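Structure first, then comments.
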Amino acid sequence: MGLSANGLLLFRGDRCLLNEVSLRVSPGAGMVLRGPNGSGKTTLLRLLCGLTLPEEGEVCWDGSDIRLQRDNWQRTLAWAGHKAGLKSELTVHENLAYSAALGGYALPDIPAELGLGDCLHLPARVLSAGQQRRSSLARVLLSKAPVWILDEPYTNLDTQGQDYLNSCLSRHLRDGGLAIVASHGDAHAGLSLQECTLNRGQLQC
Amino acid sequence: MLGPLWILLKCEMQQSFRRWSDLISPLVFFVVVSSLFPLAISPSPDVLREVGPGVLWVAALLALLLSMNRLFRDDFDDGSLEQLVLAPQPLALMVLVKVLAYWLQMVLPLLLLTPAVAIAYDLPNAAIEVLLLSLLLGTPALSLLGAISAALTVGLRQGAGILAILLLPLSIPVLIFGSRATDLAVDGMSTSGPLLLLGAISLLALSLTPFAIAAALRVSLD
């Protein structure tokens, strides 16, 4: 059960970015991915999502390869990457409604703690970096997806935003969800997440 | 199933109407290029009727090429392409909707402008009708083939140039049948052959290219 990766191997040019990386995260558990800049954290997360394919190895959800159950896996997954994924001409609310429609879930009321109340009806291009991050995280937080994969979600967030994200993460884990978070700081310190460090292609937990 | 696709179409249209200035430049390009030829070649009506169909088809193709580059580029840059690829809907259908939105925004206005430009080439009314019909039948194939090229080049820095190199050879059959049909109409002959072939090419493109576009997008995001 859960999400596992077995022997992921990935080259970029001559460089071995991931060397036989394996990991396992069970439902209800979370993992923090650490590592110096350029160590391949984002690449590993993209591999886990299925955006990038490994040279060798496989990513499995509930025991079978995600490539063989793409529909099911993509219903299970919510991903927030570096890029906000907001359409600049649409308002925040339109963006969230659009993501909800594509994700196949009904858009709930936007919680006030997200701090988007003032900018819900502004086009995404005028938002500050922090507001963009909040909007892009809102897409994950409002989805009912059991697996959250977040790439440096704490970047640009103020302390209130970080606390709110932490409370959402802990509720998500308590409800049997699963989360993998790449992070540099200690903003996640209150959560009981397994810490893994990626360095020179090796993952140490 | 249809709900999400409808919302996708709505969002695509909304976005481009809010940035309407991007819609104008290919149309202006089309009008300007096709009005340069009479100035450069000869103002004689006989010559213009001779070259008109070919020139208008090439101008339409180049105008499409100009706008095609942006089909997936913005989505790639702002990250919404990743979200689209990871959405739990069939990617082939979603890219088909995106191409449909592109066709409605870019090609339909161009078709509406065509009669006005065709008058400048002294084309008879029957030929203008056939020209419109041939564009109507041929541009879906061009848009879909262009979408494959746009999907393949979306991650590249010199994408626009490579897109032209990929798309133009693929568009040759459409160009030949399209301008040939109009040529035949100018001479008052039957045009059904090339028009049917154009329709067949578009149907073939409609059924096969969405899968190629989806695969190309996955490769570009890898």
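Residue numbers start at 1 in each chain; chains themselves are named A, B, ... in the order of the structure tokens; ligands are numbered from 1 in the order shown.
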Dump as CSV the rows for residues of chain A within 7 Å of chain B: closest atom pair and distance in Å with one decimal, only C-alpha atoms counted, ordered by chain and rising residue number.
residue,atom,partner,partner_atom,distance
A:Leu51,CA,B:Asp222,CA,5.9
A:Thr52,CA,B:Asp222,CA,4.3
A:Leu53,CA,B:Asp222,CA,6.7
A:Asp71,CA,B:Pro88,CA,5.5
A:Gln74,CA,B:Pro88,CA,5.0
A:Arg75,CA,B:Pro88,CA,5.1
A:Lys83,CA,B:Gly79,CA,4.9
A:Ala84,CA,B:Gly79,CA,6.0
A:Gly85,CA,B:Ser80,CA,3.9
A:Leu86,CA,B:Ser80,CA,6.1
A:Lys87,CA,B:Ser80,CA,6.9
A:Glu89,CA,B:Gln15,CA,5.4
A:Leu90,CA,B:Gln15,CA,6.3
A:Tyr98,CA,B:Ile7,CA,6.7
A:Ala101,CA,B:Pro4,CA,5.1
A:Leu102,CA,B:Pro4,CA,5.3
A:Gly103,CA,B:Ala87,CA,5.7
| task | Give me the residues within 12 Å of Leu36 in chain B as a list in words, counting only C-alpha atoms and dropping any in the same chain fewer than 4 places off. | result | Phe29, Phe30, Val31, Val32, Ala40, Ile41, Ser42, Pro43, Leu48, Gly52, Val55, Leu56, Ala59, Val117, Ala120 and Tyr121 of chain B
| task | Pick out each residue of range 86-122 of chain B that DSSP on the backbone tags as helix (DSSP H, G or I); I need them as a ChimeraX atom specification. | result | /B:86,91-119
Restricting the output to C-alpha atoms, write the selected residues as an mmCIF file, in the first residue's frame.
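Output saved as out.cif:
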data_model
loop_
_atom_site.group_PDB
_atom_site.id
_atom_site.type_symbol
_atom_site.label_atom_id
_atom_site.label_comp_id
_atom_site.auth_asym_id
_atom_site.auth_seq_id
_atom_site.Cartn_x
_atom_site.Cartn_y
_atom_site.Cartn_z
ATOM 1 C CA LEU B 86 -1.726 15.513 -14.720
ATOM 2 C CA LEU B 91 -5.210 14.308 -22.509
ATOM 3 C CA ALA B 92 -5.983 13.647 -26.197
ATOM 4 C CA LEU B 93 -9.490 15.056 -25.770
ATOM 5 C CA MET B 94 -8.232 18.058 -23.808
ATOM 6 C CA VAL B 95 -5.687 18.992 -26.487
ATOM 7 C CA LEU B 96 -8.420 18.579 -29.095
ATOM 8 C CA VAL B 97 -10.458 21.161 -27.168
ATOM 9 C CA LYS B 98 -7.443 23.463 -27.045
ATOM 10 C CA VAL B 99 -7.001 23.188 -30.814
ATOM 11 C CA LEU B 100 -10.722 23.837 -31.282
ATOM 12 C CA ALA B 101 -10.421 26.976 -29.145
ATOM 13 C CA TYR B 102 -7.413 28.053 -31.207
ATOM 14 C CA TRP B 103 -9.360 27.481 -34.432
ATOM 15 C CA LEU B 104 -12.298 29.537 -33.164
ATOM 16 C CA GLN B 105 -10.054 32.401 -32.013
ATOM 17 C CA MET B 106 -7.576 32.557 -34.868
ATOM 18 C CA VAL B 107 -8.928 30.839 -37.959
ATOM 19 C CA LEU B 108 -12.573 31.822 -37.883
ATOM 20 C CA PRO B 109 -11.843 35.595 -37.936
ATOM 21 C CA LEU B 110 -9.384 34.943 -40.770
ATOM 22 C CA LEU B 111 -12.108 33.169 -42.751
ATOM 23 C CA LEU B 112 -14.407 36.148 -42.201
ATOM 24 C CA LEU B 113 -11.743 38.488 -43.604
ATOM 25 C CA THR B 114 -10.991 36.316 -46.627
ATOM 26 C CA PRO B 115 -13.857 37.474 -48.913
ATOM 27 C CA ALA B 116 -12.784 41.099 -48.507
ATOM 28 C CA VAL B 117 -9.199 40.248 -49.428
ATOM 29 C CA ALA B 118 -10.286 37.969 -52.286
ATOM 30 C CA ILE B 119 -12.173 40.830 -53.931
#
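Of the listed residues A:Leu33, A:Gly57, A:Thr42, A:Asp175, the one whose atoms come nearest to Gly7 in chain A is A:Gly57, with distances taken using only C-alpha atoms.
Contact shell of Ala80 in chain A at 8 Å (only C-alpha atoms; same-chain neighbours under 6 positions omitted): Ser136, Leu137, Val140, Ile149, Leu150, Asp151 and Pro153 of chain A.
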| Excluding same-chain residues fewer than 6 positions from Leu122 in chain A, what lies within 12 Å of it counting only C-alpha atoms, as an NGL selection string? | :A and (87-95 or 116 or 128 or 131-132 or 135)
| message | Neighbouring residues of Ala151 in chain B were defined as those with any atom within 12 Å, considering only C-alpha atoms; residues of the same chain fewer than 5 positions away were excluded. Please report them as a PyMOL selection string. | response | chain B and resi 68-76+81+95+98-99+143-146+156+159-160+162-163+166-167+209-221
| field | Of the listed residues B:Leu39, B:Ala141, B:Ala127, B:Leu133, that which approaches Leu61 in chain B most closely, counting only C-alpha atoms | value | B:Ala141
| Residues at most 9 Å from Ala138 in chain A, counting only C-alpha atoms, excluding those fewer than 6 positions away in the same chain, as an NGL selection string? | :A and (96 or 110 or 114)
| request: Could you please write out, as a PyMOL selection string, every residue of range 14-169 of chain A that DSSP assigns to strand (DSSP E)? | output: chain A and resi 15-25+30-34+56-61+64-65+77-80+147-151
| Distance criterion (only C-alpha atoms): nearest to Arg139 in chain A out of A:Leu178, A:Ala78, A:Leu157, A:Cys196 | A:Ala78
| task | Write out as a PyMOL selection string the residues lying within 9 Å of Ser183 in chain A, counting only C-alpha atoms and excluding same-chain residues fewer than 2 positions away. | result | chain A and resi 32-35+150-155+181+185-188
Saved selection, atoms kept: N, CA and C atoms, as a PDB file, in the first residue's frame:
ATOM      1  N   VAL A  32       9.570  14.560   4.160  1.00  0.00           N
ATOM      2  CA  VAL A  32      10.188  15.827   3.763  1.00  0.00           C
ATOM      3  C   VAL A  32      11.439  15.513   2.981  1.00  0.00           C
ATOM      4  N   LEU A  33      11.544  16.076   1.815  1.00  0.00           N
ATOM      5  CA  LEU A  33      12.709  15.835   0.972  1.00  0.00           C
ATOM      6  C   LEU A  33      13.631  17.034   1.104  1.00  0.00           C
ATOM      7  N   ARG A  34      14.868  16.757   1.565  1.00  0.00           N
ATOM      8  CA  ARG A  34      15.843  17.829   1.695  1.00  0.00           C
ATOM      9  C   ARG A  34      16.999  17.589   0.750  1.00  0.00           C
ATOM     10  N   GLY A  35      17.859  18.570   0.664  1.00  0.00           N
ATOM     11  CA  GLY A  35      19.018  18.402  -0.185  1.00  0.00           C
ATOM     12  C   GLY A  35      19.473  19.742  -0.699  1.00  0.00           C
ATOM     13  N   LEU A 150       4.325  18.346  -3.040  1.00  0.00           N
ATOM     14  CA  LEU A 150       4.512  19.793  -3.024  1.00  0.00           C
ATOM     15  C   LEU A 150       5.996  20.118  -3.140  1.00  0.00           C
ATOM     16  N   ASP A 151       6.327  20.964  -4.116  1.00  0.00           N
ATOM     17  CA  ASP A 151       7.723  21.338  -4.311  1.00  0.00           C
ATOM     18  C   ASP A 151       7.960  22.702  -3.669  1.00  0.00           C
ATOM     19  N   GLU A 152       8.704  22.702  -2.561  1.00  0.00           N
ATOM     20  CA  GLU A 152       9.003  23.915  -1.795  1.00  0.00           C
ATOM     21  C   GLU A 152       7.777  24.802  -1.591  1.00  0.00           C
ATOM     22  N   PRO A 153       6.764  24.263  -0.909  1.00  0.00           N
ATOM     23  CA  PRO A 153       5.512  25.020  -0.757  1.00  0.00           C
ATOM     24  C   PRO A 153       5.646  26.211   0.179  1.00  0.00           C
ATOM     25  N   TYR A 154       6.681  26.223   1.038  1.00  0.00           N
ATOM     26  CA  TYR A 154       6.780  27.315   2.028  1.00  0.00           C
ATOM     27  C   TYR A 154       7.394  28.578   1.447  1.00  0.00           C
ATOM     28  N   THR A 155       7.969  28.487   0.251  1.00  0.00           N
ATOM     29  CA  THR A 155       8.594  29.658  -0.368  1.00  0.00           C
ATOM     30  C   THR A 155       7.576  30.776  -0.508  1.00  0.00           C
ATOM     31  N   VAL A 181       6.933  16.467   0.561  1.00  0.00           N
ATOM     32  CA  VAL A 181       7.171  17.897   0.529  1.00  0.00           C
ATOM     33  C   VAL A 181       8.662  18.145   0.395  1.00  0.00           C
ATOM     34  N   GLY A 185      13.769  24.896   4.767  1.00  0.00           N
ATOM     35  CA  GLY A 185      13.786  25.454   6.114  1.00  0.00           C
ATOM     36  C   GLY A 185      13.240  24.500   7.152  1.00  0.00           C
ATOM     37  N   ASP A 186      12.795  25.083   8.275  1.00  0.00           N
ATOM     38  CA  ASP A 186      12.235  24.279   9.350  1.00  0.00           C
ATOM     39  C   ASP A 186      10.756  24.578   9.537  1.00  0.00           C
ATOM     40  N   ALA A 187      10.123  25.122   8.493  1.00  0.00           N
ATOM     41  CA  ALA A 187       8.739  25.556   8.630  1.00  0.00           C
ATOM     42  C   ALA A 187       7.819  24.393   8.950  1.00  0.00           C
ATOM     43  N   HIS A 188       8.254  23.171   8.619  1.00  0.00           N
ATOM     44  CA  HIS A 188       7.404  22.008   8.825  1.00  0.00           C
ATOM     45  C   HIS A 188       7.678  21.358  10.177  1.00  0.00           C
TER      46      HIS A 188
END
| CA of Pro53 in chain B to CA of Ala200 in chain B, distance in Å rounded to a single decimal | 20.5 Å
